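Q: Handing over target_9.txt, compact mmCIF, N, CA and C atoms.
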```txt
# COMPACT_ATOMS: atom_id res chain seq x y z
N MET A 24 -1.93 23.38 20.07
CA MET A 24 -0.72 23.60 19.32
C MET A 24 -0.30 22.28 18.69
N ALA A 25 0.14 22.32 17.44
CA ALA A 25 0.54 21.13 16.71
C ALA A 25 1.98 20.79 17.01
N ALA A 26 2.25 19.50 17.16
CA ALA A 26 3.63 19.05 17.34
C ALA A 26 4.30 19.09 15.98
N GLY A 27 5.55 19.44 15.97
CA GLY A 27 6.25 19.49 14.70
C GLY A 27 7.70 19.84 14.87
N GLY A 28 8.36 19.95 13.76
CA GLY A 28 9.77 20.30 13.76
C GLY A 28 10.25 20.49 12.34
N PHE A 29 11.53 20.74 12.21
CA PHE A 29 12.11 20.98 10.90
C PHE A 29 13.52 20.41 10.85
N CYS A 30 14.02 20.29 9.65
CA CYS A 30 15.39 19.83 9.43
C CYS A 30 15.96 20.64 8.27
N LYS A 31 17.09 21.27 8.49
CA LYS A 31 17.74 22.03 7.42
C LYS A 31 18.64 21.08 6.64
N LEU A 32 18.51 21.09 5.34
CA LEU A 32 19.26 20.21 4.46
C LEU A 32 20.58 20.87 4.04
N PRO A 33 21.55 20.09 3.58
CA PRO A 33 22.85 20.66 3.18
C PRO A 33 22.78 21.72 2.09
N ASN A 34 21.75 21.66 1.23
CA ASN A 34 21.63 22.66 0.16
C ASN A 34 20.94 23.94 0.63
N GLY A 35 20.58 24.03 1.91
CA GLY A 35 19.98 25.24 2.46
C GLY A 35 18.47 25.21 2.56
N THR A 36 17.81 24.25 1.92
CA THR A 36 16.36 24.16 2.03
C THR A 36 15.99 23.45 3.33
N VAL A 37 14.71 23.47 3.66
CA VAL A 37 14.25 22.83 4.89
C VAL A 37 13.09 21.88 4.60
N VAL A 38 12.95 20.90 5.48
CA VAL A 38 11.78 20.02 5.48
C VAL A 38 11.09 20.24 6.81
N VAL A 39 9.82 20.63 6.76
CA VAL A 39 9.02 20.89 7.95
C VAL A 39 8.02 19.75 8.10
N ALA A 40 7.91 19.23 9.32
CA ALA A 40 6.96 18.17 9.63
C ALA A 40 6.02 18.67 10.72
N LEU A 41 4.72 18.48 10.53
CA LEU A 41 3.71 18.92 11.50
C LEU A 41 2.66 17.84 11.70
N ASN A 42 2.26 17.64 12.94
CA ASN A 42 1.11 16.79 13.26
C ASN A 42 -0.08 17.73 13.44
N LEU A 43 -1.10 17.55 12.61
CA LEU A 43 -2.25 18.44 12.61
C LEU A 43 -3.54 17.64 12.71
N PRO A 44 -4.60 18.26 13.23
CA PRO A 44 -5.91 17.60 13.14
C PRO A 44 -6.32 17.56 11.66
N SER A 45 -7.00 16.51 11.28
CA SER A 45 -7.38 16.35 9.89
C SER A 45 -8.38 17.42 9.46
N PRO A 46 -8.14 18.10 8.33
CA PRO A 46 -9.11 19.09 7.86
C PRO A 46 -10.35 18.45 7.25
N ALA A 47 -10.26 17.18 6.87
CA ALA A 47 -11.42 16.49 6.30
C ALA A 47 -12.29 15.96 7.43
N ALA A 48 -13.58 16.19 7.33
CA ALA A 48 -14.49 15.78 8.39
C ALA A 48 -14.51 14.27 8.56
N ALA A 49 -14.47 13.53 7.47
CA ALA A 49 -14.51 12.08 7.54
C ALA A 49 -13.12 11.46 7.48
N GLY A 50 -12.09 12.28 7.57
CA GLY A 50 -10.72 11.79 7.44
C GLY A 50 -10.19 11.24 8.75
N PRO A 51 -8.91 10.84 8.75
CA PRO A 51 -8.29 10.33 9.97
C PRO A 51 -8.24 11.40 11.06
N GLY A 52 -8.08 10.98 12.31
CA GLY A 52 -8.10 11.91 13.43
C GLY A 52 -6.99 12.94 13.39
N ALA A 53 -5.78 12.52 13.12
CA ALA A 53 -4.64 13.44 13.03
C ALA A 53 -3.76 13.00 11.87
N VAL A 54 -3.13 13.96 11.24
CA VAL A 54 -2.27 13.67 10.10
C VAL A 54 -0.87 14.25 10.33
N ARG A 55 0.11 13.64 9.72
CA ARG A 55 1.49 14.12 9.73
C ARG A 55 1.73 14.70 8.35
N VAL A 56 2.01 15.99 8.28
CA VAL A 56 2.21 16.69 7.02
C VAL A 56 3.68 17.05 6.89
N LEU A 57 4.24 16.80 5.71
CA LEU A 57 5.63 17.15 5.41
C LEU A 57 5.67 18.14 4.28
N VAL A 58 6.49 19.18 4.44
CA VAL A 58 6.61 20.22 3.42
C VAL A 58 8.09 20.47 3.16
N HIS A 59 8.47 20.46 1.88
CA HIS A 59 9.83 20.82 1.48
C HIS A 59 9.77 22.22 0.89
N SER A 60 10.61 23.12 1.40
CA SER A 60 10.55 24.50 0.95
C SER A 60 11.90 25.19 1.13
N VAL A 61 11.97 26.43 0.68
CA VAL A 61 13.19 27.22 0.77
C VAL A 61 13.52 27.56 2.23
N ASN A 62 12.49 27.88 3.02
CA ASN A 62 12.69 28.18 4.45
C ASN A 62 11.41 27.83 5.21
N ARG A 63 11.49 27.92 6.55
CA ARG A 63 10.33 27.54 7.37
C ARG A 63 9.12 28.41 7.11
N ALA A 64 9.32 29.69 6.95
CA ALA A 64 8.19 30.59 6.71
C ALA A 64 7.46 30.24 5.42
N ARG A 65 8.20 29.94 4.37
CA ARG A 65 7.57 29.57 3.09
C ARG A 65 6.82 28.25 3.20
N ALA A 66 7.37 27.32 3.98
CA ALA A 66 6.70 26.03 4.16
C ALA A 66 5.35 26.23 4.82
N LEU A 67 5.31 27.03 5.87
CA LEU A 67 4.03 27.28 6.55
C LEU A 67 3.08 28.07 5.68
N THR A 68 3.60 28.98 4.86
CA THR A 68 2.76 29.73 3.94
C THR A 68 2.11 28.81 2.91
N ARG A 69 2.86 27.81 2.44
CA ARG A 69 2.29 26.85 1.49
C ARG A 69 1.09 26.14 2.10
N LEU A 70 1.19 25.76 3.37
CA LEU A 70 0.06 25.09 4.04
C LEU A 70 -1.10 26.04 4.24
N ARG A 71 -0.82 27.27 4.63
CA ARG A 71 -1.89 28.25 4.84
C ARG A 71 -2.62 28.55 3.54
N ASN A 72 -1.90 28.58 2.43
CA ASN A 72 -2.53 28.83 1.13
C ASN A 72 -3.45 27.69 0.69
N LEU A 73 -3.25 26.52 1.27
CA LEU A 73 -4.12 25.38 0.96
C LEU A 73 -5.37 25.35 1.84
N GLY A 74 -5.49 26.28 2.76
CA GLY A 74 -6.67 26.34 3.62
C GLY A 74 -6.41 25.91 5.05
N LEU A 75 -5.22 25.50 5.38
CA LEU A 75 -4.88 25.14 6.76
C LEU A 75 -4.40 26.42 7.46
N ARG A 76 -5.34 27.25 7.87
CA ARG A 76 -5.05 28.61 8.31
C ARG A 76 -4.26 28.73 9.61
N SER A 77 -4.56 27.92 10.59
CA SER A 77 -3.92 28.11 11.90
C SER A 77 -2.74 27.16 12.09
N VAL A 78 -1.79 27.20 11.17
CA VAL A 78 -0.62 26.34 11.22
C VAL A 78 0.57 27.16 11.70
N TYR A 79 1.12 26.75 12.85
CA TYR A 79 2.29 27.42 13.39
C TYR A 79 3.32 26.38 13.80
N LEU A 80 4.58 26.72 13.75
CA LEU A 80 5.65 25.84 14.18
C LEU A 80 6.36 26.50 15.35
N ARG A 81 6.21 25.90 16.52
CA ARG A 81 6.84 26.42 17.72
C ARG A 81 7.81 25.36 18.22
N GLY A 82 9.08 25.63 18.04
CA GLY A 82 10.10 24.69 18.52
C GLY A 82 10.40 23.60 17.51
N ASN A 83 11.14 22.61 17.99
CA ASN A 83 11.58 21.52 17.13
C ASN A 83 11.41 20.20 17.87
N ALA A 84 10.24 20.00 18.46
CA ALA A 84 9.98 18.83 19.30
C ALA A 84 9.84 17.54 18.50
N ALA A 85 9.32 17.60 17.29
CA ALA A 85 9.11 16.40 16.48
C ALA A 85 9.64 16.62 15.07
N PRO A 86 10.97 16.66 14.90
CA PRO A 86 11.53 16.88 13.56
C PRO A 86 11.27 15.69 12.65
N PRO A 87 11.38 15.89 11.34
CA PRO A 87 11.15 14.78 10.42
C PRO A 87 12.26 13.73 10.53
N THR A 88 11.88 12.48 10.37
CA THR A 88 12.86 11.40 10.38
C THR A 88 13.53 11.32 9.01
N PRO A 89 14.66 10.62 8.91
CA PRO A 89 15.30 10.48 7.59
C PRO A 89 14.39 9.85 6.53
N ASP A 90 13.54 8.90 6.93
CA ASP A 90 12.60 8.31 5.98
C ASP A 90 11.57 9.32 5.49
N GLU A 91 11.11 10.18 6.39
CA GLU A 91 10.15 11.21 6.00
C GLU A 91 10.80 12.23 5.06
N ILE A 92 12.03 12.58 5.33
CA ILE A 92 12.74 13.52 4.47
C ILE A 92 12.87 12.95 3.07
N THR A 93 13.23 11.68 2.99
CA THR A 93 13.35 11.02 1.69
C THR A 93 12.02 11.01 0.95
N ALA A 94 10.94 10.74 1.65
CA ALA A 94 9.61 10.69 1.03
C ALA A 94 9.23 12.04 0.43
N VAL A 95 9.43 13.11 1.16
CA VAL A 95 9.01 14.42 0.66
C VAL A 95 9.95 14.92 -0.44
N LEU A 96 11.22 14.57 -0.39
CA LEU A 96 12.15 15.00 -1.43
C LEU A 96 11.88 14.30 -2.75
N HIS A 97 11.34 13.09 -2.70
CA HIS A 97 11.07 12.35 -3.93
C HIS A 97 9.67 12.61 -4.49
N HIS A 98 8.88 13.41 -3.81
CA HIS A 98 7.55 13.75 -4.33
C HIS A 98 7.66 15.02 -5.16
N PRO A 99 7.04 15.06 -6.35
CA PRO A 99 7.18 16.24 -7.21
C PRO A 99 6.66 17.54 -6.61
N ASP A 100 5.60 17.46 -5.78
CA ASP A 100 5.06 18.68 -5.17
C ASP A 100 5.82 19.09 -3.92
N GLY A 101 6.50 18.16 -3.29
CA GLY A 101 7.20 18.47 -2.04
C GLY A 101 6.25 18.70 -0.89
N LEU A 102 5.07 18.09 -0.94
CA LEU A 102 4.04 18.30 0.08
C LEU A 102 3.22 17.02 0.19
N VAL A 103 3.43 16.25 1.27
CA VAL A 103 2.77 14.95 1.43
C VAL A 103 2.22 14.81 2.84
N TRP A 104 1.34 13.79 3.04
CA TRP A 104 0.74 13.55 4.36
C TRP A 104 0.44 12.06 4.52
N ARG A 105 0.27 11.65 5.77
CA ARG A 105 -0.28 10.35 6.14
C ARG A 105 -0.77 10.44 7.58
N ARG A 106 -1.45 9.39 8.05
CA ARG A 106 -1.95 9.41 9.43
C ARG A 106 -0.79 9.59 10.40
N ALA A 107 -1.02 10.36 11.43
CA ALA A 107 0.00 10.62 12.44
C ALA A 107 0.21 9.38 13.31
N PRO A 108 1.40 9.21 13.85
CA PRO A 108 1.62 8.08 14.76
C PRO A 108 0.64 8.14 15.93
N GLY A 109 0.08 6.99 16.26
CA GLY A 109 -0.88 6.94 17.36
C GLY A 109 -2.32 7.15 16.93
N SER A 110 -2.56 7.36 15.63
CA SER A 110 -3.95 7.56 15.18
C SER A 110 -4.37 6.44 14.23
N GLU A 111 -3.92 5.21 14.49
CA GLU A 111 -4.28 4.07 13.66
C GLU A 111 -5.79 3.82 13.75
N ILE A 112 -6.35 3.45 12.65
CA ILE A 112 -7.79 3.21 12.59
C ILE A 112 -8.03 1.76 12.18
N ARG A 113 -8.91 1.08 12.90
CA ARG A 113 -9.31 -0.30 12.61
C ARG A 113 -8.14 -1.26 12.51
N GLY A 114 -7.14 -1.10 13.37
CA GLY A 114 -6.05 -2.05 13.44
C GLY A 114 -5.01 -1.94 12.33
N THR A 115 -5.12 -0.96 11.45
CA THR A 115 -4.11 -0.82 10.41
C THR A 115 -2.84 -0.25 11.02
N GLU A 116 -1.73 -0.61 10.47
CA GLU A 116 -0.46 -0.14 11.01
C GLU A 116 0.05 1.03 10.20
N LEU A 117 0.66 2.00 10.87
CA LEU A 117 1.19 3.17 10.21
C LEU A 117 2.32 2.81 9.26
N ALA A 118 3.10 1.80 9.59
CA ALA A 118 4.24 1.42 8.76
C ALA A 118 3.80 0.97 7.37
N GLN A 119 2.56 0.51 7.22
CA GLN A 119 2.08 0.03 5.93
C GLN A 119 1.43 1.13 5.10
N GLU A 120 1.16 2.26 5.70
CA GLU A 120 0.50 3.33 4.96
C GLU A 120 1.53 4.11 4.16
N LEU A 121 1.20 4.38 2.91
CA LEU A 121 2.07 5.16 2.05
C LEU A 121 1.76 6.65 2.21
N TRP A 122 2.66 7.48 1.74
CA TRP A 122 2.44 8.92 1.76
C TRP A 122 1.49 9.29 0.64
N HIS A 123 0.62 10.28 0.94
CA HIS A 123 -0.37 10.73 -0.03
C HIS A 123 -0.07 12.17 -0.43
N PRO A 124 -0.39 12.54 -1.68
CA PRO A 124 -0.26 13.95 -2.06
C PRO A 124 -1.25 14.79 -1.26
N ILE A 125 -0.91 16.02 -0.99
CA ILE A 125 -1.73 16.88 -0.13
C ILE A 125 -3.09 17.16 -0.75
N ARG A 126 -3.20 17.13 -2.05
CA ARG A 126 -4.49 17.43 -2.70
C ARG A 126 -5.56 16.41 -2.33
N THR A 127 -5.18 15.19 -1.94
CA THR A 127 -6.18 14.20 -1.52
C THR A 127 -6.74 14.51 -0.15
N LEU A 128 -6.03 15.29 0.65
CA LEU A 128 -6.49 15.63 1.98
C LEU A 128 -7.37 16.86 1.99
N VAL A 129 -7.01 17.86 1.22
CA VAL A 129 -7.74 19.12 1.26
C VAL A 129 -8.76 19.26 0.13
N ARG A 130 -8.93 18.23 -0.66
CA ARG A 130 -9.89 18.26 -1.78
C ARG A 130 -11.30 18.41 -1.23
N GLN A 131 -12.05 19.30 -1.78
CA GLN A 131 -13.45 19.50 -1.41
C GLN A 131 -14.32 18.51 -2.16
N PRO A 132 -15.32 17.90 -1.51
CA PRO A 132 -16.20 16.99 -2.25
C PRO A 132 -16.97 17.73 -3.34
N ALA A 133 -17.18 17.04 -4.43
CA ALA A 133 -17.91 17.64 -5.55
C ALA A 133 -19.37 17.79 -5.18
N THR A 134 -19.94 18.93 -5.54
CA THR A 134 -21.36 19.16 -5.28
C THR A 134 -22.16 18.68 -6.49
N PRO A 135 -23.26 17.96 -6.26
CA PRO A 135 -24.07 17.48 -7.41
C PRO A 135 -24.74 18.64 -8.12
N ALA A 136 -24.80 18.55 -9.44
CA ALA A 136 -25.38 19.64 -10.24
C ALA A 136 -26.86 19.50 -10.38
```
Hey, can you dump this file as structure tokens for me?
A:
Amino acid sequence: MAAGGFCKLPNGTVVVALNLPSPAAAGPGAVRVLVHSVNRARALTRLRNLGLRSVYLRGNAAPPTPDEITAVLHHPDGLVWRRAPGSEIRGTELAQELWHPIRTLVRQPATPA
């Protein structure tokens, strides 16, 4: 089960944060995904439509921080990711990593013609 949580904003929308195993084979071990949507169900549906099929939110154990909320609200797609806390690779620090658009995580490698 993935750790995650949500935060309801004053305008009625929600920001959902989930720690998931990386869908990319050569990617980081775990990723923190943020989704801005009308409600929790729509947020999870957006992730499932991208190919992350077994995404569920049970409880509110790891809600998004104010910095994470700001990051996802300022992104045009409202869907961003970065390495999850505790999954640093080769001594890099999480605080220095920027948020990435979700298309960089779920992009399929091009097949040679």
Q: Return as a ChimeraX atom specification the full set of residues in segment 40-116 of chain A whose backbone-based DSSP assignment is strand (DSSP E).
A: /A:40-44,53-60,102-106
Q: Hey, what's within 12 Å of Pro86 of chain A if we count only C-alpha atoms and toss same-chain stuff fewer than 3 positions away? As JSON, numbers by chain, please?
A: {"A": [26, 27, 28, 29, 30, 31, 37, 38, 39, 40, 41, 42, 55, 56, 57, 58, 80, 81, 82, 83, 89, 90, 91, 92]}
Q: Find the distance between atom C of Ile125 of chain A and atom N of Asn34 of chain A and write it in Å to one decimal.
A: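 Value for the atom C of Ile125 of chain A-atom N of Asn34 of chain A distance: 25.3 Å.
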Q: Could you please determine the separation between atom C of Asn62 of chain A and atom C of Pro124 of chain A in Å, to one decimal place?
A: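 Going from atom C of Asn62 of chain A over to atom C of Pro124 of chain A covers 19.3 Å.
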Q: Go through A:Trp104, A:Pro87, A:Gly52, A:Thr36 and flag the residue nearest Arg65 of chain A, using only C-alpha atoms for the distances.
A: A:Thr36
Q: Mind giving me the straight-line distance from atom N of Arg63 of chain A to atom N of Glu120 of chain A in Å, one decimal?
A: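 Value for the atom N of Arg63 of chain A-atom N of Glu120 of chain A distance: 27.7 Å.
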Q: Could I get segment 65-76 of chain A rebuilt with N, CA, C and O atoms, written as a tab-separated table (two decimals), in the frame of the given file?
A:
```tsv
chain	number	residue	atom	x	y	z
A	65	ARG	N	8.20	29.94	4.37
A	65	ARG	CA	7.57	29.57	3.09
A	65	ARG	C	6.82	28.25	3.20
A	65	ARG	O	5.78	28.06	2.59
A	66	ALA	N	7.37	27.32	3.98
A	66	ALA	CA	6.70	26.03	4.16
A	66	ALA	C	5.35	26.23	4.82
A	66	ALA	O	4.34	25.65	4.39
A	67	LEU	N	5.31	27.03	5.87
A	67	LEU	CA	4.03	27.28	6.55
A	67	LEU	C	3.08	28.07	5.68
A	67	LEU	O	1.86	27.85	5.71
A	68	THR	N	3.60	28.98	4.86
A	68	THR	CA	2.76	29.73	3.94
A	68	THR	C	2.11	28.81	2.91
A	68	THR	O	0.94	28.98	2.56
A	69	ARG	N	2.86	27.81	2.44
A	69	ARG	CA	2.29	26.85	1.49
A	69	ARG	C	1.09	26.14	2.10
A	69	ARG	O	0.07	25.94	1.44
A	70	LEU	N	1.19	25.76	3.37
A	70	LEU	CA	0.06	25.09	4.04
A	70	LEU	C	-1.10	26.04	4.24
A	70	LEU	O	-2.26	25.67	4.06
A	71	ARG	N	-0.82	27.27	4.63
A	71	ARG	CA	-1.89	28.25	4.84
A	71	ARG	C	-2.62	28.55	3.54
A	71	ARG	O	-3.84	28.76	3.53
A	72	ASN	N	-1.90	28.58	2.43
A	72	ASN	CA	-2.53	28.83	1.13
A	72	ASN	C	-3.45	27.69	0.69
A	72	ASN	O	-4.32	27.89	-0.14
A	73	LEU	N	-3.25	26.52	1.27
A	73	LEU	CA	-4.12	25.38	0.96
A	73	LEU	C	-5.37	25.35	1.84
A	73	LEU	O	-6.19	24.46	1.71
A	74	GLY	N	-5.49	26.28	2.76
A	74	GLY	CA	-6.67	26.34	3.62
A	74	GLY	C	-6.41	25.91	5.05
A	74	GLY	O	-7.32	25.94	5.86
A	75	LEU	N	-5.22	25.50	5.38
A	75	LEU	CA	-4.88	25.14	6.76
A	75	LEU	C	-4.40	26.42	7.46
A	75	LEU	O	-3.22	26.65	7.63
A	76	ARG	N	-5.34	27.25	7.87
A	76	ARG	CA	-5.05	28.61	8.31
A	76	ARG	C	-4.26	28.73	9.61
A	76	ARG	O	-3.41	29.56	9.73
```
